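Dumped entry.cif below, it's mmCIF, C-alpha atoms:
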```cif
data_start
#
loop_
_atom_site.label_atom_id
_atom_site.label_comp_id
_atom_site.auth_asym_id
_atom_site.auth_seq_id
_atom_site.Cartn_x
_atom_site.Cartn_y
_atom_site.Cartn_z
CA MET A 1 -20.08 1.62 9.25
CA ALA A 2 -20.16 4.80 11.27
CA GLU A 3 -18.72 5.06 14.72
CA THR A 4 -21.78 4.90 16.93
CA GLY A 5 -20.46 4.72 20.47
CA PRO A 6 -20.10 1.91 22.98
CA ASP A 7 -23.70 0.80 22.88
CA GLY A 8 -24.43 0.60 19.19
CA ASP A 9 -21.42 -0.69 17.32
CA ASN A 10 -22.58 -4.19 16.40
CA GLY A 11 -19.86 -5.87 18.38
CA ARG A 12 -16.99 -3.89 16.94
CA LEU A 13 -14.12 -3.55 19.34
CA TYR A 14 -12.79 -0.55 21.26
CA LEU A 15 -9.29 -0.20 22.61
CA ASP A 16 -10.26 -1.55 26.01
CA ASP A 17 -11.82 -4.66 24.44
CA LEU A 18 -8.57 -5.66 22.75
CA GLN A 19 -5.78 -7.87 24.06
CA VAL A 20 -2.36 -8.67 22.70
CA GLY A 21 -2.61 -12.04 20.96
CA HIS A 22 -6.25 -11.50 19.91
CA ARG A 23 -6.61 -12.98 16.40
CA PHE A 24 -9.06 -12.34 13.55
CA THR A 25 -9.72 -14.11 10.24
CA SER A 26 -11.28 -12.42 7.23
CA GLY A 27 -13.51 -13.84 4.55
CA THR A 28 -12.00 -14.65 1.17
CA HIS A 29 -11.67 -12.90 -2.17
CA THR A 30 -10.93 -14.68 -5.43
CA VAL A 31 -8.73 -12.57 -7.70
CA ASP A 32 -9.37 -12.78 -11.42
CA GLU A 33 -7.23 -11.75 -14.36
CA ALA A 34 -9.60 -8.96 -15.42
CA GLU A 35 -9.34 -7.19 -12.08
CA ILE A 36 -5.54 -7.58 -12.01
CA VAL A 37 -5.33 -5.90 -15.42
CA ALA A 38 -7.90 -3.20 -14.56
CA PHE A 39 -6.05 -2.18 -11.39
CA ALA A 40 -2.71 -2.20 -13.23
CA ARG A 41 -4.03 -0.05 -16.08
CA GLN A 42 -5.12 2.55 -13.56
CA PHE A 43 -2.28 2.50 -11.05
CA ASP A 44 0.65 0.29 -12.06
CA PRO A 45 0.83 -0.14 -15.84
CA GLN A 46 3.92 -2.34 -16.03
CA PRO A 47 4.01 -5.30 -18.46
CA PHE A 48 4.14 -7.99 -15.75
CA HIS A 49 0.82 -6.68 -14.33
CA LEU A 50 -0.91 -6.18 -17.72
CA ASP A 51 -0.27 -9.16 -19.93
CA ASP A 52 0.61 -12.77 -19.23
CA ALA A 53 2.73 -13.20 -22.36
CA ALA A 54 4.72 -10.04 -21.61
CA ALA A 55 5.10 -11.14 -17.98
CA ARG A 56 6.71 -14.47 -18.96
CA GLY A 57 9.98 -12.77 -19.84
CA THR A 58 10.20 -10.88 -16.54
CA LEU A 59 11.15 -11.64 -12.96
CA PHE A 60 7.51 -12.63 -12.30
CA GLY A 61 7.43 -15.40 -14.93
CA GLY A 62 3.72 -14.76 -15.59
CA LEU A 63 0.95 -12.31 -14.86
CA ALA A 64 1.05 -11.01 -11.26
CA ALA A 65 -1.11 -8.45 -9.48
CA SER A 66 0.39 -5.11 -8.54
CA GLY A 67 1.54 -5.31 -4.94
CA TRP A 68 -0.66 -2.30 -4.22
CA HIS A 69 -3.62 -4.23 -5.60
CA THR A 70 -2.90 -7.07 -3.17
CA ALA A 71 -2.67 -4.49 -0.37
CA ALA A 72 -6.01 -2.96 -1.40
CA ILE A 73 -7.72 -6.38 -1.50
CA ALA A 74 -6.36 -7.13 1.98
CA MET A 75 -7.82 -3.82 3.18
CA ARG A 76 -11.22 -4.69 1.76
CA LEU A 77 -11.19 -8.09 3.46
CA GLN A 78 -10.39 -6.41 6.77
CA VAL A 79 -13.03 -3.70 6.34
CA ASP A 80 -15.61 -6.39 5.49
CA GLY A 81 -15.34 -7.92 8.95
CA GLY A 82 -11.78 -9.23 9.01
CA LEU A 83 -10.77 -6.64 11.62
CA PRO A 84 -13.88 -5.41 13.47
CA LEU A 85 -12.64 -2.22 15.12
CA ALA A 86 -14.89 0.51 16.48
CA GLY A 87 -14.27 3.74 14.59
CA GLY A 88 -13.17 1.76 11.53
CA ILE A 89 -9.69 0.87 10.38
CA VAL A 90 -7.56 4.02 10.46
CA GLY A 91 -3.83 3.54 9.94
CA THR A 92 -0.94 5.92 10.35
CA GLY A 93 1.76 3.71 8.82
CA GLY A 94 3.67 0.50 9.17
CA GLU A 95 5.91 -2.05 7.52
CA PHE A 96 5.00 -4.43 4.70
CA GLY A 97 6.36 -7.15 2.44
CA TRP A 98 5.32 -8.99 -0.70
CA PRO A 99 6.97 -12.40 -0.28
CA ASN A 100 5.06 -14.03 -3.16
CA PRO A 101 3.08 -12.65 -6.12
CA THR A 102 -0.71 -12.74 -6.35
CA ARG A 103 -1.79 -14.68 -9.44
CA PRO A 104 -5.07 -14.93 -11.37
CA GLY A 105 -7.35 -17.41 -9.58
CA ASP A 106 -5.76 -16.90 -6.18
CA ILE A 107 -8.15 -17.01 -3.23
CA LEU A 108 -6.96 -14.55 -0.60
CA ARG A 109 -7.69 -14.45 3.12
CA VAL A 110 -6.23 -12.21 5.84
CA GLU A 111 -5.19 -13.43 9.30
CA SER A 112 -4.57 -10.62 11.78
CA GLU A 113 -3.14 -10.52 15.28
CA ILE A 114 -2.98 -7.70 17.83
CA ILE A 115 0.68 -7.34 18.79
CA GLU A 116 0.73 -4.08 20.78
CA ILE A 117 -1.77 -1.77 22.50
CA LYS A 118 -0.77 1.70 23.68
CA PRO A 119 -3.27 4.17 25.14
CA SER A 120 -2.41 7.70 24.03
CA ARG A 121 -1.01 9.98 26.74
CA SER A 122 -2.02 13.18 25.00
CA ARG A 123 -5.44 12.01 23.73
CA PRO A 124 -7.35 10.12 26.43
CA ASP A 125 -10.11 9.20 23.96
CA ARG A 126 -7.91 6.91 21.86
CA GLY A 127 -4.87 4.69 21.60
CA MET A 128 -2.54 3.11 19.06
CA VAL A 129 -2.87 -0.58 18.26
CA THR A 130 -0.29 -2.47 16.22
CA VAL A 131 -1.76 -5.25 14.11
CA LYS A 132 0.22 -7.83 12.14
CA SER A 133 -1.74 -9.12 9.17
CA ASP A 134 -0.71 -11.90 6.81
CA THR A 135 -2.59 -12.31 3.54
CA HIS A 136 -2.45 -15.93 2.36
CA ASN A 137 -3.46 -17.61 -0.87
CA GLN A 138 -5.21 -20.98 -1.20
CA ARG A 139 -1.82 -22.74 -1.27
CA GLY A 140 -0.91 -21.32 2.14
CA GLU A 141 1.67 -18.96 0.66
CA VAL A 142 1.86 -15.47 2.13
CA VAL A 143 1.42 -12.81 -0.56
CA PHE A 144 1.35 -9.73 1.69
CA THR A 145 2.55 -9.05 5.21
CA LEU A 146 1.57 -5.86 6.96
CA THR A 147 2.38 -4.58 10.42
CA ALA A 148 0.20 -1.50 10.77
CA ARG A 149 -0.23 1.10 13.47
CA LEU A 150 -3.94 1.90 13.88
CA VAL A 151 -5.83 4.55 15.83
CA VAL A 152 -8.57 2.96 17.96
CA PRO A 153 -11.06 4.81 20.18
CA ARG A 154 -11.11 3.99 23.89
CA GLY A 155 -14.10 2.44 25.58
CA THR A 156 -15.66 -1.00 25.50
CA SER A 157 -18.38 -2.50 23.33
CA GLY A 158 -21.76 -3.70 24.47
CA MET B 1 7.65 -0.54 -20.80
CA ALA B 2 9.38 -3.88 -21.29
CA GLU B 3 12.87 -4.58 -20.10
CA THR B 4 14.90 -4.34 -23.27
CA GLY B 5 18.50 -4.60 -22.20
CA PRO B 6 21.25 -2.05 -21.75
CA ASP B 7 21.05 -0.65 -25.27
CA GLY B 8 17.35 -0.05 -25.72
CA ASP B 9 15.82 1.14 -22.49
CA ASN B 10 15.13 4.80 -23.29
CA GLY B 11 17.45 6.07 -20.62
CA ARG B 12 16.05 3.98 -17.81
CA LEU B 13 18.61 3.21 -15.17
CA TYR B 14 20.34 -0.03 -14.22
CA LEU B 15 21.89 -0.80 -10.86
CA ASP B 16 25.33 0.36 -11.96
CA ASP B 17 23.92 3.70 -13.17
CA LEU B 18 22.53 4.56 -9.71
CA GLN B 19 24.21 6.42 -6.87
CA VAL B 20 23.15 7.01 -3.30
CA GLY B 21 21.68 10.52 -3.15
CA HIS B 22 20.37 10.36 -6.74
CA ARG B 23 16.97 12.15 -6.73
CA PHE B 24 13.93 11.97 -9.01
CA THR B 25 10.75 14.03 -9.29
CA SER B 26 7.50 12.72 -10.76
CA GLY B 27 4.82 14.56 -12.67
CA THR B 28 1.62 15.47 -10.86
CA HIS B 29 -1.83 13.97 -10.43
CA THR B 30 -4.89 15.93 -9.32
CA VAL B 31 -7.16 13.84 -7.13
CA ASP B 32 -10.90 14.38 -7.50
CA GLU B 33 -13.76 13.40 -5.23
CA ALA B 34 -15.20 10.92 -7.74
CA GLU B 35 -12.01 8.89 -7.85
CA ILE B 36 -11.66 8.94 -4.05
CA VAL B 37 -15.18 7.52 -3.72
CA ALA B 38 -14.72 4.99 -6.56
CA PHE B 39 -11.54 3.58 -5.01
CA ALA B 40 -13.14 3.45 -1.57
CA ARG B 41 -16.25 1.64 -2.84
CA GLN B 42 -14.04 -1.05 -4.31
CA PHE B 43 -11.34 -1.43 -1.67
CA ASP B 44 -11.97 0.60 1.49
CA PRO B 45 -15.69 1.32 1.98
CA GLN B 46 -15.49 3.24 5.25
CA PRO B 47 -17.63 6.38 5.75
CA PHE B 48 -14.70 8.83 5.88
CA HIS B 49 -13.63 7.69 2.38
CA LEU B 50 -17.14 7.60 0.86
CA ASP B 51 -19.06 10.69 1.88
CA ASP B 52 -17.99 14.14 3.00
CA ALA B 53 -20.94 14.64 5.37
CA ALA B 54 -20.33 11.28 7.06
CA ALA B 55 -16.61 12.06 7.26
CA ARG B 56 -17.19 15.30 9.19
CA GLY B 57 -17.99 13.41 12.39
CA THR B 58 -14.84 11.26 12.22
CA LEU B 59 -11.15 11.64 12.95
CA PHE B 60 -10.65 12.90 9.37
CA GLY B 61 -13.05 15.85 9.69
CA GLY B 62 -14.01 15.59 6.00
CA LEU B 63 -13.67 13.31 2.99
CA ALA B 64 -10.20 11.75 2.74
CA ALA B 65 -8.79 9.25 0.24
CA SER B 66 -8.04 5.73 1.41
CA GLY B 67 -4.36 5.54 2.31
CA TRP B 68 -4.04 2.67 -0.17
CA HIS B 69 -5.44 4.95 -2.86
CA THR B 70 -2.75 7.52 -2.10
CA ALA B 71 -0.17 4.71 -2.27
CA ALA B 72 -1.53 3.56 -5.63
CA ILE B 73 -1.46 7.11 -7.06
CA ALA B 74 2.16 7.47 -5.90
CA MET B 75 2.98 4.21 -7.69
CA ARG B 76 1.40 5.47 -10.91
CA LEU B 77 3.40 8.71 -10.73
CA GLN B 78 6.61 6.71 -10.31
CA VAL B 79 5.77 4.27 -13.11
CA ASP B 80 4.98 7.23 -15.41
CA GLY B 81 8.56 8.46 -15.27
CA GLY B 82 8.98 9.45 -11.63
CA LEU B 83 11.41 6.59 -11.02
CA PRO B 84 12.94 5.49 -14.35
CA LEU B 85 14.39 2.08 -13.49
CA ALA B 86 15.36 -0.54 -16.05
CA GLY B 87 13.25 -3.65 -15.56
CA GLY B 88 10.45 -1.54 -14.08
CA ILE B 89 9.61 -0.87 -10.45
CA VAL B 90 9.56 -4.18 -8.60
CA GLY B 91 9.31 -3.97 -4.81
CA THR B 92 9.74 -6.62 -2.15
CA GLY B 93 8.56 -4.53 0.81
CA GLY B 94 9.30 -1.53 2.95
CA GLU B 95 8.03 0.94 5.49
CA PHE B 96 5.37 3.60 4.99
CA GLY B 97 3.45 6.36 6.71
CA TRP B 98 0.41 8.54 6.05
CA PRO B 99 1.23 11.76 7.93
CA ASN B 100 -1.63 13.77 6.36
CA PRO B 101 -4.81 12.80 4.50
CA THR B 102 -5.28 13.21 0.75
CA ARG B 103 -8.27 15.50 0.05
CA PRO B 104 -10.37 16.16 -3.06
CA GLY B 105 -8.54 18.68 -5.25
CA ASP B 106 -5.09 17.77 -3.96
CA ILE B 107 -2.31 17.85 -6.55
CA LEU B 108 0.17 15.09 -5.73
CA ARG B 109 3.83 14.76 -6.73
CA VAL B 110 6.44 12.20 -5.66
CA GLU B 111 10.04 13.05 -4.78
CA SER B 112 12.31 10.02 -4.56
CA GLU B 113 15.88 9.51 -3.41
CA ILE B 114 18.18 6.50 -3.64
CA ILE B 115 19.34 5.73 -0.12
CA GLU B 116 21.05 2.34 -0.45
CA ILE B 117 22.39 0.14 -3.26
CA LYS B 118 23.35 -3.49 -2.62
CA PRO B 119 24.44 -5.83 -5.41
CA SER B 120 23.10 -9.33 -4.76
CA ARG B 121 25.67 -11.93 -3.75
CA SER B 122 23.60 -14.89 -4.88
CA ARG B 123 22.23 -13.33 -8.10
CA PRO B 124 24.96 -11.52 -10.05
CA ASP B 125 22.38 -10.17 -12.54
CA ARG B 126 20.62 -7.91 -10.00
CA GLY B 127 20.75 -5.95 -6.78
CA MET B 128 18.51 -4.38 -4.16
CA VAL B 129 18.00 -0.63 -4.14
CA THR B 130 16.31 1.20 -1.26
CA VAL B 131 14.35 4.25 -2.37
CA LYS B 132 12.76 6.80 -0.04
CA SER B 133 9.78 8.49 -1.68
CA ASP B 134 7.72 11.34 -0.27
CA THR B 135 4.40 12.18 -1.87
CA HIS B 136 3.53 15.86 -1.35
CA ASN B 137 0.40 17.86 -2.01
CA GLN B 138 0.24 21.38 -3.45
CA ARG B 139 0.55 22.86 0.07
CA GLY B 140 3.87 21.07 0.59
CA GLU B 141 2.37 18.64 3.09
CA VAL B 142 3.55 15.04 2.91
CA VAL B 143 0.62 12.65 2.46
CA PHE B 144 2.59 9.43 1.98
CA THR B 145 6.11 8.37 2.88
CA LEU B 146 7.53 5.14 1.51
CA THR B 147 10.91 3.53 1.97
CA ALA B 148 10.84 0.63 -0.47
CA ARG B 149 13.26 -2.15 -1.30
CA LEU B 150 13.38 -2.65 -5.07
CA VAL B 151 14.97 -5.28 -7.31
CA VAL B 152 17.03 -3.62 -10.04
CA PRO B 153 18.93 -5.43 -12.84
CA ARG B 154 22.69 -4.91 -13.09
CA GLY B 155 24.29 -3.23 -16.08
CA THR B 156 24.41 0.32 -17.35
CA SER B 157 22.20 2.19 -19.78
CA GLY B 158 23.23 3.56 -23.15
#
```
Before we go any further, please render this structure as C-alpha cells.
Amino acid sequence: MAETGPDGDNGRLYLDDLQVGHRFTSGTHTVDEAEIVAFARQFDPQPFHLDDAAARGTLFGGLAASGWHTAAIAMRLQVDGGLPLAGGIVGTGGEFGWPNPTRPGDILRVESEIIEIKPSRSRPDRGMVTVKSDTHNQRGEVVFTLTARLVVPRGTSG
Amino acid sequence: MAETGPDGDNGRLYLDDLQVGHRFTSGTHTVDEAEIVAFARQFDPQPFHLDDAAARGTLFGGLAASGWHTAAIAMRLQVDGGLPLAGGIVGTGGEFGWPNPTRPGDILRVESEIIEIKPSRSRPDRGMVTVKSDTHNQRGEVVFTLTARLVVPRGTSG
C-alpha cells in the first residue's frame, strides 16, 4: 500500500505512466441489505435507507443505499486495484451524480478513465490527474458518477 | 423521520418555505482515531487513513480521515437537524472539495446555505434546491465543501 518509489510499486502508475484515455476496471462488490442499513444507521438514518417498508412510500419506492455508501463502495473498489496509482488515491475534489439508487443485491463495478493530466508548476514532484469513474450495477445502470481531481506523484514505474 | 405532509413535519421545510440565502447550522461531531481507522478499513484502506506512523511519510503528514468519511459525517450532521427539509435530504449530485484533511480530535460542524430554488416543470409536486454546505473544524478550517442538488417536495409547513 505504501508509496515505495519507482522501482518497487508493484506496477502502480506514476504521472508519467498515464495517458488521457487510459481505462481501468475494478472488481465487483455485492451490496446486501444488512450493510445498507448498517451504513445508514451510522451516517444517513433516513427511512428510505433503513427499512424497505418505510421506503415504499418515498421517492425511492423501496430500500436504497445512502448515496455516500455507494460512493464509499466505489472508493473501496478503486483502492482494491480498480485504479492502481502510485502514492495511492488522493483526491482534492470533483463533481458527482447519483443517477440511479443502489439496491440490496446489486453487484457494483467501477469503470474509470483518465481524462486530463496536468503536471504541477509549483511542485515538480507531482501533478493533478482528472479521472471520470462510473459505478455500474449488474443491469448496466449507472448508480454513481464521479469526476475527481487526484494528486499523483511524478516518475514512471518499473 | 418520515415524510408526513404539510401539517405534521415538526417544522421541517418544504420548497415553498425556502428562500435563497436561508442558512442552517448543524450540531457538532468529534472525530476520533478509532472511527477514522474503522471507516478506512471498510472503505478506504490506504496507509494514510489507517496508521499515523505510516501516514507521516505521505502527503498527509499524519493520520487523516478518508474524504468519504468526512462526507458521511457531514451527511449525518445534516440529517440530525442541520438541514431540516421535509421529505428528508435526497440528493441527485453536485460538486465537492476537500481543502483540508480531517484529523483525530477534530470537532466538525456544517454550515449550509440555500443558493438556488427551482420548482420542477414536469413534476408539480417537487422542485430542485441547490445547497452549499461547508464543513468546518474547531480551528475554523474547511474540511469539506459540498454544493448539492436536492429534491424537495412542494408545499409549506405548519
Residue list for chain B near chain A as a PyMOL selection string, 6 Å, all atoms listed in the file: chain B and resi 43-44+72+76+92-98
Spatial neighbours of region 12-19 of chain A, 7 Å, only C-alpha atoms, chain gap at least 5 places, as a VMD selection string: chain A and resid 84 to 86 114 127 152 to 157
I would like the residues chosen by the PyMOL selection byres ((chain A and resi 138) around 10) on the shown file; could you give them as a short mmCIF file (atom, residue, chain, number, x, y, z; two decimals) with C-alpha atoms, keeping the file's coordinate frame?
```
data_model
loop_
_atom_site.label_atom_id
_atom_site.label_comp_id
_atom_site.auth_asym_id
_atom_site.auth_seq_id
_atom_site.Cartn_x
_atom_site.Cartn_y
_atom_site.Cartn_z
CA THR A 28 -12.00 -14.65 1.17
CA THR A 30 -10.93 -14.68 -5.43
CA GLY A 105 -7.35 -17.41 -9.58
CA ASP A 106 -5.76 -16.90 -6.18
CA ILE A 107 -8.15 -17.01 -3.23
CA LEU A 108 -6.96 -14.55 -0.60
CA ARG A 109 -7.69 -14.45 3.12
CA HIS A 136 -2.45 -15.93 2.36
CA ASN A 137 -3.46 -17.61 -0.87
CA ARG A 139 -1.82 -22.74 -1.27
CA GLY A 140 -0.91 -21.32 2.14
CA GLU A 141 1.67 -18.96 0.66
CA VAL A 142 1.86 -15.47 2.13
#
```
Å distance separating CA of Asp51 (chain B) from CA of Pro104 (chain B), one decimal place: 11.4 Å
CA of Val131 (chain B) to CA of Val110 (chain B), distance in Å rounded to a single decimal: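 CA of Val110 (chain B) lies at a distance of 11.7 Å from CA of Val131 (chain B).
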Please supply region 59-70 of chain B, rebuilt with all heavy atoms, as a tab-separated table (two decimals), in the frame of the given file.
```tsv
chain	number	residue	atom	x	y	z
B	59	LEU	N	-12.52	11.19	12.77
B	59	LEU	CA	-11.15	11.64	12.95
B	59	LEU	C	-10.65	12.48	11.77
B	59	LEU	O	-9.82	13.38	11.93
B	59	LEU	CB	-10.29	10.37	13.03
B	59	LEU	CG	-8.94	10.39	13.65
B	59	LEU	CD1	-9.08	10.58	15.15
B	59	LEU	CD2	-8.25	9.05	13.39
B	60	PHE	N	-11.15	12.22	10.57
B	60	PHE	CA	-10.65	12.90	9.37
B	60	PHE	C	-11.27	14.29	9.20
B	60	PHE	O	-10.70	15.13	8.50
B	60	PHE	CB	-10.93	12.05	8.12
B	60	PHE	CG	-10.08	10.81	8.04
B	60	PHE	CD1	-10.57	9.58	8.43
B	60	PHE	CD2	-8.78	10.88	7.57
B	60	PHE	CE1	-9.79	8.43	8.35
B	60	PHE	CE2	-7.99	9.74	7.48
B	60	PHE	CZ	-8.50	8.52	7.88
B	61	GLY	N	-12.44	14.52	9.77
B	61	GLY	CA	-13.05	15.85	9.69
B	61	GLY	C	-13.52	16.25	8.29
B	61	GLY	O	-13.83	17.41	8.05
B	62	GLY	N	-13.60	15.30	7.38
B	62	GLY	CA	-14.01	15.59	6.00
B	62	GLY	C	-13.50	14.47	5.12
B	62	GLY	O	-12.66	13.66	5.54
B	63	LEU	N	-14.02	14.42	3.89
B	63	LEU	CA	-13.67	13.31	2.99
B	63	LEU	C	-12.16	13.22	2.80
B	63	LEU	O	-11.49	14.22	2.52
B	63	LEU	CB	-14.35	13.50	1.63
B	63	LEU	CG	-14.23	12.31	0.68
B	63	LEU	CD1	-15.07	11.13	1.17
B	63	LEU	CD2	-14.66	12.70	-0.73
B	64	ALA	N	-11.62	12.01	2.93
B	64	ALA	CA	-10.20	11.75	2.74
B	64	ALA	C	-10.05	10.48	1.90
B	64	ALA	O	-10.85	9.55	2.03
B	64	ALA	CB	-9.51	11.55	4.08
B	65	ALA	N	-9.04	10.45	1.05
B	65	ALA	CA	-8.79	9.25	0.24
B	65	ALA	C	-8.31	8.12	1.14
B	65	ALA	O	-7.61	8.34	2.13
B	65	ALA	CB	-7.72	9.54	-0.81
B	66	SER	N	-8.66	6.90	0.78
B	66	SER	CA	-8.04	5.73	1.41
B	66	SER	C	-6.52	5.86	1.30
B	66	SER	O	-5.99	6.27	0.26
B	66	SER	CB	-8.47	4.45	0.67
B	66	SER	OG	-7.70	3.34	1.10
B	67	GLY	N	-5.83	5.50	2.36
B	67	GLY	CA	-4.36	5.54	2.31
B	67	GLY	C	-3.80	4.66	1.20
B	67	GLY	O	-2.77	4.98	0.59
B	68	TRP	N	-4.50	3.56	0.91
B	68	TRP	CA	-4.04	2.67	-0.17
B	68	TRP	C	-4.26	3.31	-1.53
B	68	TRP	O	-3.55	2.99	-2.49
B	68	TRP	CB	-4.71	1.30	-0.05
B	68	TRP	CG	-4.38	0.67	1.27
B	68	TRP	CD1	-5.23	0.44	2.32
B	68	TRP	CD2	-3.08	0.23	1.72
B	68	TRP	NE1	-4.54	-0.11	3.37
B	68	TRP	CE2	-3.24	-0.26	3.04
B	68	TRP	CE3	-1.82	0.20	1.13
B	68	TRP	CZ2	-2.17	-0.77	3.78
B	68	TRP	CZ3	-0.75	-0.31	1.86
B	68	TRP	CH2	-0.93	-0.78	3.16
B	69	HIS	N	-5.25	4.19	-1.62
B	69	HIS	CA	-5.44	4.95	-2.86
B	69	HIS	C	-4.27	5.92	-3.06
B	69	HIS	O	-3.70	6.00	-4.16
B	69	HIS	CB	-6.78	5.69	-2.78
B	69	HIS	CG	-7.20	6.34	-4.06
B	69	HIS	ND1	-8.25	7.23	-4.11
B	69	HIS	CD2	-6.72	6.24	-5.33
B	69	HIS	CE1	-8.39	7.64	-5.37
B	69	HIS	NE2	-7.49	7.06	-6.12
B	70	THR	N	-3.91	6.63	-2.00
B	70	THR	CA	-2.75	7.52	-2.10
B	70	THR	C	-1.51	6.73	-2.51
B	70	THR	O	-0.73	7.17	-3.38
B	70	THR	CB	-2.51	8.24	-0.76
B	70	THR	OG1	-3.69	8.99	-0.42
B	70	THR	CG2	-1.32	9.17	-0.82
```
